>>> print(open('final36.txt').read())   # compact mmCIF, C-alpha atoms
# COMPACT_ATOMS: atom_id res chain seq x y z
CA MET Y 1 52.96 26.66 212.75
CA GLY Y 2 50.58 25.75 209.92
CA LYS Y 3 51.34 25.07 206.26
CA LYS Y 4 49.91 28.47 205.34
CA ASP Y 5 52.31 30.23 207.71
CA ILE Y 6 55.30 28.34 206.33
CA LYS Y 7 54.31 29.34 202.77
CA LEU Y 8 54.04 32.94 203.92
CA LEU Y 9 57.42 32.70 205.64
CA ILE Y 10 59.06 31.31 202.49
CA THR Y 11 57.49 34.12 200.40
CA GLY Y 12 58.84 36.67 202.86
CA ALA Y 13 62.31 35.12 202.82
CA ILE Y 14 62.39 35.15 199.00
CA ALA Y 15 61.19 38.78 199.01
CA LEU Y 16 63.92 39.73 201.49
CA PHE Y 17 66.58 37.98 199.40
CA LEU Y 18 65.36 39.74 196.23
CA ALA Y 19 65.24 43.07 198.07
CA CYS Y 20 68.90 42.67 199.07
CA PHE Y 21 69.92 41.55 195.57
CA LEU Y 22 68.03 44.33 193.79
CA GLY Y 23 69.17 46.84 196.44
CA ILE Y 24 72.83 46.11 195.62
CA ILE Y 25 72.14 46.45 191.87
CA THR Y 26 70.32 49.76 192.53
CA ILE Y 27 73.26 51.14 194.54
CA VAL Y 28 75.70 50.11 191.78
CA LEU Y 29 73.50 51.70 189.07
CA PHE Y 30 73.21 54.95 191.03
CA ALA Y 31 76.99 54.94 191.64
CA VAL Y 32 77.69 54.45 187.92
CA LYS Y 33 75.23 57.17 186.89
CA LEU Y 34 76.49 59.66 189.47
CA GLY Y 35 80.10 58.75 188.64
CA ASN Y 36 79.46 59.50 184.97
CA LYS Y 37 77.87 62.80 185.87
CA ALA Y 38 80.83 63.67 188.09
CA MET Y 39 83.23 62.88 185.26
CA GLU Y 40 81.31 65.13 182.88
CA TYR Y 41 81.12 67.97 185.38
CA ASP Y 42 83.35 70.98 184.72
CA TRP Y 43 85.32 70.89 188.00
CA LYS Y 44 88.08 73.15 186.66
CA GLY Y 45 85.61 75.84 185.70
CA ALA Y 46 83.77 75.62 188.98
CA PHE Y 47 86.96 75.75 191.08
CA GLY Y 48 88.37 78.50 188.87
CA GLN Y 49 85.30 80.60 189.56
CA VAL Y 50 85.65 80.06 193.32
CA THR Y 51 89.39 80.86 193.20
CA GLU Y 52 88.59 84.07 191.33
CA GLN Y 53 85.98 85.05 193.93
CA VAL Y 54 88.43 84.41 196.79
CA GLN Y 55 91.11 86.47 195.05
CA ASN Y 56 88.66 89.31 194.55
CA ILE Y 57 87.80 89.27 198.27
CA GLY Y 58 91.57 89.37 199.07
CA GLN Y 59 92.11 92.36 196.81
CA ASP Y 60 89.17 94.26 198.32
CA ASN Y 61 90.70 93.90 201.79
CA MET R 1 25.22 9.83 238.93
CA ASN R 2 27.54 6.94 238.01
CA LYS R 3 30.83 7.11 236.08
CA SER R 4 29.46 6.79 232.53
CA GLU R 5 26.65 9.29 233.16
CA TYR R 6 29.08 11.76 234.68
CA LEU R 7 31.58 11.38 231.83
CA ASN R 8 28.86 11.69 229.18
CA LYS R 9 27.63 14.91 230.72
CA LEU R 10 31.17 16.25 231.02
CA THR R 11 31.89 15.34 227.36
CA ASN R 12 28.79 17.26 226.26
CA GLU R 13 29.81 20.29 228.32
CA LEU R 14 33.34 20.22 226.85
CA GLY R 15 31.87 20.14 223.33
CA HIS R 16 33.57 23.32 222.05
CA MET R 17 37.08 22.32 223.13
CA PRO R 18 39.52 20.64 220.68
CA TYR R 19 38.91 16.90 220.29
CA GLY R 20 42.42 15.97 221.55
CA ASP R 21 41.97 17.99 224.77
CA VAL R 22 38.54 16.47 225.46
CA LYS R 23 39.96 12.99 224.90
CA ASP R 24 42.83 13.67 227.37
CA ILE R 25 40.46 15.06 230.01
CA ILE R 26 38.03 12.15 229.73
CA GLN R 27 40.89 9.65 229.88
CA SER R 28 42.27 11.32 233.03
CA MET R 29 38.77 11.35 234.52
CA GLU R 30 38.33 7.64 233.83
CA GLU R 31 41.66 6.95 235.56
CA HIS R 32 40.54 9.09 238.50
CA PHE R 33 37.29 7.08 238.78
CA ASP R 34 39.17 3.76 238.53
CA GLU R 35 41.62 4.88 241.23
CA GLY R 36 38.73 5.88 243.51
CA VAL R 37 36.92 2.57 242.95
CA SER R 38 40.08 0.61 243.72
CA GLU R 39 40.32 2.58 247.01
CA GLY R 40 36.83 1.34 247.89
CA ARG R 41 34.74 4.41 247.00
CA SER R 42 31.61 4.15 244.90
CA GLU R 43 31.29 5.81 241.48
CA GLU R 44 28.48 8.00 242.85
CA GLU R 45 30.68 9.22 245.70
CA ILE R 46 33.50 10.10 243.32
CA ALA R 47 31.07 11.88 240.98
CA ALA R 48 29.64 13.84 243.91
CA SER R 49 33.14 14.85 245.07
CA LEU R 50 33.88 16.19 241.59
CA GLY R 51 30.80 18.42 241.66
CA ASP R 52 28.67 19.68 238.79
CA PRO R 53 30.07 18.54 235.37
CA ALA R 54 29.16 21.93 233.87
CA GLU R 55 31.30 23.77 236.46
CA LEU R 56 34.13 21.30 235.99
CA ALA R 57 33.96 21.74 232.21
CA GLN R 58 34.08 25.53 232.63
CA GLU R 59 37.30 25.22 234.64
CA PHE R 60 38.87 23.14 231.86
CA LYS R 61 37.66 25.69 229.29
CA ASP R 62 39.33 28.44 231.34
CA GLY R 63 42.62 26.58 230.89
CA ALA R 64 42.87 24.69 234.17
CA LYS R 65 44.87 21.45 234.05
CA PHE R 66 43.52 18.13 235.31
CA LYS R 67 45.80 17.97 238.37
CA GLN R 68 44.80 21.49 239.42
CA VAL R 69 41.12 20.67 239.13
CA ILE R 70 41.45 17.48 241.16
CA LYS R 71 43.61 19.19 243.77
CA ARG R 72 40.99 21.89 244.11
CA ARG R 73 38.25 19.28 244.47
CA LYS R 74 40.23 17.46 247.17
CA LEU R 75 40.63 20.71 249.06
CA SER R 76 37.04 21.74 248.44
CA ASP R 77 35.96 21.18 252.05
CA ASN R 78 38.53 23.49 253.52
CA PHE R 79 39.17 25.59 250.42
CA LYS R 80 39.67 29.13 251.57
CA GLY R 81 39.92 30.85 248.24
CA PRO R 82 42.90 31.42 245.95
CA ASP R 83 46.38 31.78 247.32
CA GLY R 84 47.14 35.47 247.93
CA ARG R 85 50.80 35.01 247.00
CA SER R 86 49.92 33.90 243.48
CA ARG R 87 47.78 37.01 242.99
CA ILE R 88 50.63 39.26 244.21
CA PHE R 89 52.95 37.40 241.81
CA VAL R 90 50.57 38.01 238.88
CA ILE R 91 50.32 41.74 239.70
CA LEU R 92 54.09 42.25 240.19
CA PHE R 93 55.02 40.11 237.18
CA ASN R 94 52.73 42.16 234.96
CA ILE R 95 53.84 45.52 236.36
CA PHE R 96 57.58 44.84 236.00
CA LEU R 97 57.81 42.48 233.02
CA GLY R 98 54.65 41.17 231.36
CA VAL R 99 52.98 44.39 230.23
CA GLU R 100 56.29 45.93 229.11
CA CYS R 101 57.17 42.94 226.92
CA TRP R 102 53.78 42.96 225.24
CA LEU R 103 53.97 46.74 224.68
CA ILE R 104 57.45 46.42 223.12
CA LEU R 105 56.13 43.74 220.75
CA LEU R 106 53.14 45.94 219.92
CA ALA R 107 55.50 48.85 219.21
CA ALA R 108 57.54 46.59 216.89
CA ILE R 109 54.37 45.69 214.95
CA PHE R 110 53.42 49.37 214.78
CA ALA R 111 56.95 50.24 213.56
CA ALA R 112 56.70 47.59 210.82
CA PHE R 113 53.35 49.07 209.78
CA MET R 114 54.84 52.58 209.63
CA CYS R 115 57.80 51.28 207.57
CA LEU R 116 55.32 49.72 205.15
CA ALA R 117 53.42 53.01 204.86
CA GLY R 118 56.71 54.88 204.26
CA ASP R 119 57.77 52.32 201.70
CA ALA R 120 54.48 52.68 199.81
CA ALA R 121 54.77 56.48 199.93
CA ILE R 122 58.31 56.42 198.48
CA ILE R 123 57.18 54.05 195.70
CA GLY R 124 54.31 56.45 194.94
CA LEU R 125 56.62 59.47 194.83
CA ILE R 126 59.13 57.76 192.50
CA VAL R 127 56.36 56.56 190.17
CA ALA R 128 54.93 60.09 190.12
CA GLY R 129 58.41 61.46 189.39
CA LEU R 130 58.89 59.02 186.52
CA ILE R 131 55.46 59.77 185.04
CA THR R 132 55.92 63.54 185.20
CA GLY R 133 59.41 63.23 183.74
CA ALA R 134 61.25 64.74 186.72
CA LEU R 135 63.49 61.67 187.12
CA THR R 136 64.17 60.80 183.48
CA GLU R 137 67.93 61.17 183.90
CA PHE R 138 68.06 58.30 186.46
CA ILE R 139 65.24 56.19 185.02
CA VAL R 140 67.00 52.77 185.21
CA PRO R 141 68.29 53.07 188.82
CA PHE R 142 64.89 54.36 189.94
CA ILE R 143 63.09 51.43 188.29
CA PHE R 144 65.41 49.09 190.20
CA LEU R 145 64.76 51.10 193.37
CA ILE R 146 61.00 50.63 192.87
CA LEU R 147 61.49 46.85 192.44
CA THR R 148 63.61 46.76 195.61
CA LEU R 149 60.97 48.69 197.57
CA ILE R 150 58.21 46.37 196.28
CA CYS R 151 60.20 43.37 197.59
CA VAL R 152 60.66 45.15 200.94
CA ALA R 153 56.90 45.81 201.02
CA VAL R 154 56.15 42.10 200.40
CA PHE R 155 58.53 41.18 203.24
CA LEU R 156 56.92 43.71 205.58
CA VAL R 157 53.41 42.47 204.74
CA MET R 158 54.52 38.92 205.58
CA LEU R 159 56.08 40.16 208.81
CA LEU R 160 52.89 42.03 209.75
CA ILE R 161 50.53 39.13 208.98
CA LEU R 162 52.58 36.63 210.99
CA GLY R 163 53.38 39.19 213.69
CA ILE R 164 49.74 40.16 214.30
CA LYS R 165 48.58 36.53 214.17
CA TYR R 166 51.11 35.23 216.67
CA TYR R 167 50.86 38.34 218.84
CA ALA R 168 47.13 37.70 219.24
CA LYS R 169 47.71 33.99 219.86
CA GLY R 170 50.48 34.64 222.37
CA LEU R 171 48.51 37.33 224.18
CA LYS R 172 45.52 34.99 224.48
CA ALA R 173 47.71 32.24 225.94
CA TYR R 174 49.40 34.73 228.29
CA ILE R 175 46.04 36.00 229.59
CA ARG R 176 44.91 32.39 230.11
CA TRP R 177 48.13 31.66 232.05
CA ASN R 178 47.58 34.77 234.20
CA LYS R 179 44.01 33.67 234.90
CA ASN R 180 45.24 30.21 235.79
CA VAL R 181 47.91 31.47 238.20
CA TRP R 182 45.44 34.00 239.66
CA ASN R 183 42.86 31.28 240.36
CA TYR R 184 44.94 28.21 241.16
CA GLY R 185 48.47 29.41 241.94
CA LEU R 186 51.85 28.44 240.53
CA GLY R 187 53.56 25.08 240.28
CA GLU R 188 50.71 22.91 239.05
CA ASP R 189 50.79 21.64 235.48
>>> encode(input="final36.txt", output="C-alpha cells")
Amino acid sequence: MGKKDIKLLITGAIALFLACFLGIITIVLFAVKLGNKAMEYDWKGAFGQVTEQVQNIGQDN
Amino acid sequence: MNKSEYLNKLTNELGHMPYGDVKDIIQSMEEHFDEGVSEGRSEEEIAASLGDPAELAQEFKDGAKFKQVIKRRKLSDNFKGPDGRSRIFVILFNIFLGVECWLILLAAIFAAFMCLAGDAAIIGLIVAGLITGALTEFIVPFIFLILTLICVAVFLVMLLILGIKYYAKGLKAYIRWNKNVWNYGLGED
C-alpha cells in the first residue's frame, strides 16, 4: 500500500468519523425541532374533533 | 553461448520487468549455471538446455517462478504438455468459487457507486428545497444533514477509488495465477 493510498484512507476515516458525529447532531436537531412542533400542536382540538366525528357516527346508527 | 552472454541477453529481454524481479531471476540463473558447472557440464550446454533467452524471459513475464521454469526445462525432452488435472482444477475453481467472489466484489463496488449517486441526489434535493424556501422551517437540521451527507460522499469516493484500484490489481494477479496453474500446475512456487 503506497503513501498516497494511506493518505486517502486517513481522509476517508476522518470523513466517516465526521459523518457519524454530524449525523448524531442532525438527529438531535431534528428531534428538538419536531418535539417543539409537537408541543405546539393542538392535540386537544384534533382529538376533540375526532371524538365528535365518532359520536356523530354512533348517533346516526 | 556462454554464461555471461546468455545472462546479458536474458537481462535485455526482461527489461520491462521490475528491477528487483530481474535481479532475483539473474541471481537464480547464475546459481543454476554454477551448479551445472560444478556437476561437470559446460556453460554452453547449460545455456542450450535453457533454450532461447527470449522464450525464457516471456515465461518469467507471464508470472512463472524460477523453479517452475527450470523444472519445465529439465522435463523438456519428455514434456507432454500441461497437466490435465491442473486445467480441470482451474475450470472447477473458477466455476464454483473464483468467478463468484469477483462478481460479489464487483457488485459491492457498484453498490458503493449507487450509494454515492443517491447521496449526491439527496444533497441536490435539500439544497434545492432550501433555495426555493420549502424547507425554511427546518433550515438548521437540514444544513447539518447536508454536511453529514457531504462527509458520507467523501468516504464513499475514498472507498470507490481504493476499491477499484485494488480490485483491478487483485484481478490481474488472480488471472496471472490462473495462467500459471493452467500452464505449469499447482504446488510449485
>>> interface_residues(input="final36.txt", of="chain Y", to="chain R", cutoff="7 Å", atoms="only C-alpha atoms", output="ChimeraX atom specification")
/Y:8-9,12,15-16,18-19,22-23,26,29-30
>>> residues_around(input="final36.txt", residues="Arg85 in chain R", least_positions_apart="5", cutoff="12 Å", atoms="all atoms listed in the file", output="ChimeraX atom specification")
/R:90-93,181-186
>>> atom_distance(input="final36.txt", atom1="CA of Gly35 in chain Y", atom2="CA of Cys20 in chain Y")
22.2 Å
>>> atom_distance(input="final36.txt", atom1="CA of Lys9 in chain R", atom2="CA of Leu56 in chain R")
10.5 Å
>>> atom_distance(input="final36.txt", atom1="CA of Ile26 in chain R", atom2="CA of Phe60 in chain R")
11.2 Å
>>> residues_around(input="final36.txt", residues="Tyr174 in chain R", least_positions_apart="5", cutoff="12 Å", atoms="all atoms listed in the file", output="PyMOL selection string")
chain R and resi 63+90+93-94+98-99+101-102+166-169+179-181
>>> residues_around(input="final36.txt", residues="Leu10 in chain R", least_positions_apart="4", cutoff="12 Å", atoms="only C-alpha atoms", output="mmCIF file with C-alpha atoms, in the frame of the given file")
data_model
loop_
_atom_site.group_PDB
_atom_site.id
_atom_site.type_symbol
_atom_site.label_atom_id
_atom_site.label_comp_id
_atom_site.auth_asym_id
_atom_site.auth_seq_id
_atom_site.Cartn_x
_atom_site.Cartn_y
_atom_site.Cartn_z
ATOM 1 C CA MET R 1 25.220 9.830 238.930
ATOM 2 C CA LYS R 3 30.830 7.110 236.080
ATOM 3 C CA SER R 4 29.460 6.790 232.530
ATOM 4 C CA GLU R 5 26.650 9.290 233.160
ATOM 5 C CA TYR R 6 29.080 11.760 234.680
ATOM 6 C CA LEU R 14 33.340 20.220 226.850
ATOM 7 C CA GLY R 15 31.870 20.140 223.330
ATOM 8 C CA HIS R 16 33.570 23.320 222.050
ATOM 9 C CA MET R 17 37.080 22.320 223.130
ATOM 10 C CA VAL R 22 38.540 16.470 225.460
ATOM 11 C CA LYS R 23 39.960 12.990 224.900
ATOM 12 C CA ILE R 25 40.460 15.060 230.010
ATOM 13 C CA ILE R 26 38.030 12.150 229.730
ATOM 14 C CA GLN R 27 40.890 9.650 229.880
ATOM 15 C CA MET R 29 38.770 11.350 234.520
ATOM 16 C CA GLU R 30 38.330 7.640 233.830
ATOM 17 C CA ALA R 47 31.070 11.880 240.980
ATOM 18 C CA LEU R 50 33.880 16.190 241.590
ATOM 19 C CA GLY R 51 30.800 18.420 241.660
ATOM 20 C CA ASP R 52 28.670 19.680 238.790
ATOM 21 C CA PRO R 53 30.070 18.540 235.370
ATOM 22 C CA ALA R 54 29.160 21.930 233.870
ATOM 23 C CA GLU R 55 31.300 23.770 236.460
ATOM 24 C CA LEU R 56 34.130 21.300 235.990
ATOM 25 C CA ALA R 57 33.960 21.740 232.210
ATOM 26 C CA GLN R 58 34.080 25.530 232.630
ATOM 27 C CA GLU R 59 37.300 25.220 234.640
ATOM 28 C CA PHE R 60 38.870 23.140 231.860
ATOM 29 C CA LYS R 61 37.660 25.690 229.290
#
>>> decode(input="final36.txt", residues="range 83-185 of chain R", atoms="C-alpha atoms", output="mmCIF file, in the first residue's frame")
data_model
loop_
_atom_site.group_PDB
_atom_site.id
_atom_site.type_symbol
_atom_site.label_atom_id
_atom_site.label_comp_id
_atom_site.auth_asym_id
_atom_site.auth_seq_id
_atom_site.Cartn_x
_atom_site.Cartn_y
_atom_site.Cartn_z
ATOM 1 C CA ASP R 83 -1.001 -31.449 -16.575
ATOM 2 C CA GLY R 84 -4.692 -32.046 -17.323
ATOM 3 C CA ARG R 85 -5.573 -32.106 -13.618
ATOM 4 C CA SER R 86 -4.388 -28.535 -13.129
ATOM 5 C CA ARG R 87 -6.584 -27.368 -16.008
ATOM 6 C CA ILE R 88 -9.615 -29.161 -14.531
ATOM 7 C CA PHE R 89 -8.781 -27.531 -11.180
ATOM 8 C CA VAL R 90 -8.667 -24.061 -12.782
ATOM 9 C CA ILE R 91 -12.031 -24.607 -14.512
ATOM 10 C CA LEU R 92 -13.798 -26.014 -11.407
ATOM 11 C CA PHE R 93 -12.245 -23.451 -9.054
ATOM 12 C CA ASN R 94 -13.469 -20.622 -11.258
ATOM 13 C CA ILE R 95 -16.943 -22.093 -11.782
ATOM 14 C CA PHE R 96 -17.616 -22.738 -8.074
ATOM 15 C CA LEU R 97 -15.611 -20.028 -6.284
ATOM 16 C CA GLY R 98 -13.369 -17.687 -8.264
ATOM 17 C CA VAL R 99 -15.851 -16.008 -10.595
ATOM 18 C CA GLU R 100 -18.495 -15.696 -7.845
ATOM 19 C CA CYS R 101 -16.093 -13.952 -5.463
ATOM 20 C CA TRP R 102 -15.012 -11.468 -8.100
ATOM 21 C CA LEU R 103 -18.636 -10.793 -9.088
ATOM 22 C CA ILE R 104 -19.612 -10.182 -5.438
ATOM 23 C CA LEU R 105 -16.751 -7.692 -5.094
ATOM 24 C CA LEU R 106 -17.815 -6.019 -8.340
ATOM 25 C CA ALA R 107 -21.394 -5.799 -7.031
ATOM 26 C CA ALA R 108 -20.081 -4.181 -3.818
ATOM 27 C CA ILE R 109 -18.227 -1.547 -5.864
ATOM 28 C CA PHE R 110 -21.352 -0.956 -7.952
ATOM 29 C CA ALA R 111 -23.445 -0.639 -4.753
ATOM 30 C CA ALA R 112 -20.987 1.936 -3.358
ATOM 31 C CA PHE R 113 -21.261 3.867 -6.626
ATOM 32 C CA MET R 114 -25.077 3.809 -6.461
ATOM 33 C CA CYS R 115 -24.966 4.973 -2.811
ATOM 34 C CA LEU R 116 -22.757 7.871 -3.889
ATOM 35 C CA ALA R 117 -25.192 8.796 -6.665
ATOM 36 C CA GLY R 118 -28.111 8.627 -4.194
ATOM 37 C CA ASP R 119 -26.192 10.701 -1.691
ATOM 38 C CA ALA R 120 -25.476 13.386 -4.305
ATOM 39 C CA ALA R 121 -29.132 13.382 -5.389
ATOM 40 C CA ILE R 122 -30.360 13.875 -1.791
ATOM 41 C CA ILE R 123 -27.876 16.736 -1.278
ATOM 42 C CA GLY R 124 -29.160 18.318 -4.505
ATOM 43 C CA LEU R 125 -32.796 17.986 -3.433
ATOM 44 C CA ILE R 126 -32.161 19.505 0.020
ATOM 45 C CA VAL R 127 -30.182 22.406 -1.468
ATOM 46 C CA ALA R 128 -32.996 22.991 -3.973
ATOM 47 C CA GLY R 129 -35.518 22.881 -1.111
ATOM 48 C CA LEU R 130 -33.521 25.405 0.903
ATOM 49 C CA ILE R 131 -33.101 27.751 -2.075
ATOM 50 C CA THR R 132 -36.790 27.667 -3.009
ATOM 51 C CA GLY R 133 -37.776 28.164 0.629
ATOM 52 C CA ALA R 134 -39.688 24.894 1.001
ATOM 53 C CA LEU R 135 -37.577 23.778 3.981
ATOM 54 C CA THR R 136 -37.156 27.076 5.833
ATOM 55 C CA GLU R 137 -38.784 25.735 8.990
ATOM 56 C CA PHE R 138 -36.026 23.086 9.445
ATOM 57 C CA ILE R 139 -33.140 25.095 7.997
ATOM 58 C CA VAL R 140 -30.534 24.293 10.711
ATOM 59 C CA PRO R 141 -31.098 20.491 10.848
ATOM 60 C CA PHE R 142 -31.089 20.343 7.051
ATOM 61 C CA ILE R 143 -27.782 22.246 6.855
ATOM 62 C CA PHE R 144 -26.316 19.697 9.274
ATOM 63 C CA LEU R 145 -27.832 16.902 7.176
ATOM 64 C CA ILE R 146 -26.108 18.324 4.074
ATOM 65 C CA LEU R 147 -22.760 18.428 5.934
ATOM 66 C CA THR R 148 -23.273 14.819 7.060
ATOM 67 C CA LEU R 149 -24.082 13.698 3.516
ATOM 68 C CA ILE R 150 -21.009 15.531 2.153
ATOM 69 C CA CYS R 151 -18.828 13.607 4.648
ATOM 70 C CA VAL R 152 -20.511 10.351 3.592
ATOM 71 C CA ALA R 153 -19.818 11.258 -0.052
ATOM 72 C CA VAL R 154 -16.114 11.867 0.708
ATOM 73 C CA PHE R 155 -15.945 8.472 2.455
ATOM 74 C CA LEU R 156 -17.656 6.750 -0.479
ATOM 75 C CA VAL R 157 -15.316 8.399 -3.003
ATOM 76 C CA MET R 158 -12.339 7.133 -0.991
ATOM 77 C CA LEU R 159 -13.898 3.671 -0.837
ATOM 78 C CA LEU R 160 -14.505 3.669 -4.607
ATOM 79 C CA ILE R 161 -11.005 4.871 -5.539
ATOM 80 C CA LEU R 162 -9.289 2.285 -3.336
ATOM 81 C CA GLY R 163 -11.844 -0.398 -4.194
ATOM 82 C CA ILE R 164 -11.466 -0.013 -7.969
ATOM 83 C CA LYS R 165 -7.671 0.237 -7.733
ATOM 84 C CA TYR R 166 -7.217 -2.888 -5.634
ATOM 85 C CA TYR R 167 -9.949 -4.770 -7.497
ATOM 86 C CA ALA R 168 -8.036 -4.238 -10.745
ATOM 87 C CA LYS R 169 -4.734 -5.163 -9.090
ATOM 88 C CA GLY R 170 -6.194 -8.265 -7.462
ATOM 89 C CA LEU R 171 -7.952 -9.376 -10.638
ATOM 90 C CA LYS R 172 -4.714 -9.017 -12.605
ATOM 91 C CA ALA R 173 -2.827 -11.123 -10.049
ATOM 92 C CA TYR R 174 -5.649 -13.700 -9.996
ATOM 93 C CA ILE R 175 -5.613 -14.028 -13.794
ATOM 94 C CA ARG R 176 -1.817 -14.429 -13.697
ATOM 95 C CA TRP R 177 -2.165 -17.153 -11.037
ATOM 96 C CA ASN R 178 -4.789 -18.940 -13.166
ATOM 97 C CA LYS R 179 -2.500 -18.760 -16.188
ATOM 98 C CA ASN R 180 0.354 -20.097 -14.106
ATOM 99 C CA VAL R 181 -1.636 -23.049 -12.752
ATOM 100 C CA TRP R 182 -3.091 -23.697 -16.225
ATOM 101 C CA ASN R 183 0.376 -23.852 -17.798
ATOM 102 C CA TYR R 184 2.570 -25.304 -15.063
ATOM 103 C CA GLY R 185 0.260 -26.901 -12.488
#
